Amino acid sequence: MNGFRRGIFATIVAIAFPLSQAGAAASTFDGAWNVRIASSSEACGNGATVSIGISNGQIASGSVAVTASGRVADAGSINVTLSTGIKRAVGFGRLSGTSGSGTWRGALCTGTWTAERM
């Protein structure tokens, strides 16, 4: 059992160490961003724009109506969750300089997103 505990501890350290470094290095993407969301289906809506803020690699919403959370890694890869009411979408992609793009998925819909630094 002692070896098992050491294995779990080593796994936790291996996962946590890169995450802690990513937050410190992600400061190059800090600031306000406009995110344009497009859906692959007209039934899911299309053309929404959401403002988000990034501080020390952490994502927060710039809107009262939409809650945003997530993280930007030092190389610009981004994982973000947007929610409003009971609706929730998860997005993945990459930021580079003053723009970015990626994909998102929700319970019944999928699509793409693009971002521009404000």
# chains A, B, ... in the order shown; residues from 1 in each chain; ligands from 1
>>> select_by_dssp(residues="stretch 7-116 of chain A", states="alpha helix (DSSP H)", output="list in words")
Gly7, Ile8, Phe9, Ala10, Thr11, Ile12, Val13, Ala14, Ile15, Ala16, Phe17, Pro18, Leu19, Ser20, Gln21, Ala22, Gly23, Ala24 and Ala25 of chain A
>>> residues_around(residues="A:Ala60", least_positions_apart="6", cutoff="10 Å", atoms="only C-alpha atoms", output="NGL selection string")
:A and (32 or 51-54 or 66-71 or 80-82)
>>> write_last_selection(atoms="C-alpha atoms", output="JSON list (two decimals), in the first residue's frame")
[["chain", "number", "residue", "atom", "x", "y", "z"],
["A", 32, "ALA", "CA", -9.71, 41.94, -22.43],
["A", 51, "SER", "CA", -16.25, 39.57, -23.66],
["A", 52, "ILE", "CA", -13.80, 37.74, -21.43],
["A", 53, "GLY", "CA", -10.86, 38.83, -19.36],
["A", 54, "ILE", "CA", -7.61, 36.98, -18.74],
["A", 66, "VAL", "CA", -22.35, 34.93, -19.11],
["A", 67, "THR", "CA", -20.03, 33.22, -16.66],
["A", 68, "ALA", "CA", -16.62, 32.29, -18.07],
["A", 69, "SER", "CA", -13.92, 30.25, -16.42],
["A", 70, "GLY", "CA", -10.84, 28.43, -17.59],
["A", 71, "ARG", "CA", -7.14, 28.73, -18.21],
["A", 80, "VAL", "CA", -12.76, 27.68, -21.34],
["A", 81, "THR", "CA", -16.25, 27.02, -20.02],
["A", 82, "LEU", "CA", -19.07, 29.48, -20.72]]
>>> residues_around(residues="A:Gly31", least_positions_apart="2", cutoff="12 Å", atoms="only C-alpha atoms", output="list in words")
Ala26, Ser27, Thr28, Phe29, Trp33, Asn34, Ser51, Ile52, Gly53, Ile54, Ser55, Asn56, Gly57, Gln58, Ile59, Ala60, Ser61, Gly62, Val72, Gly97, Thr98, Glu116, Arg117 and Met118 of chain A
>>> closest_residue(among="A:Arg94, A:Asn46, A:Asp74, A:Val35", to="A:Thr110", atoms="only C-alpha atoms")
A:Asn46
>>> closest_residue(among="A:Cys109, A:Ala43, A:Ala115, A:Val50", to="A:Gly93", atoms="only C-alpha atoms")
A:Ala115
>>> residues_around(residues="A:Gly102", least_positions_apart="5", cutoff="8 Å", atoms="only C-alpha atoms", output="NGL selection string")
:A and (91-94 or 112-114)
>>> select_by_dssp(residues="stretch 59-102 of chain A", states="strand (DSSP E or B)", output="ChimeraX atom specification")
/A:59-61,67-72,77-84,87-96,99-102
>>> atom_distance(atom1="atom CA of A:Ala89", atom2="atom CA of A:Ala107")
7.4 Å
>>> atom_distance(atom1="atom CA of A:Lys87", atom2="atom CA of A:Ser99")
25.7 Å
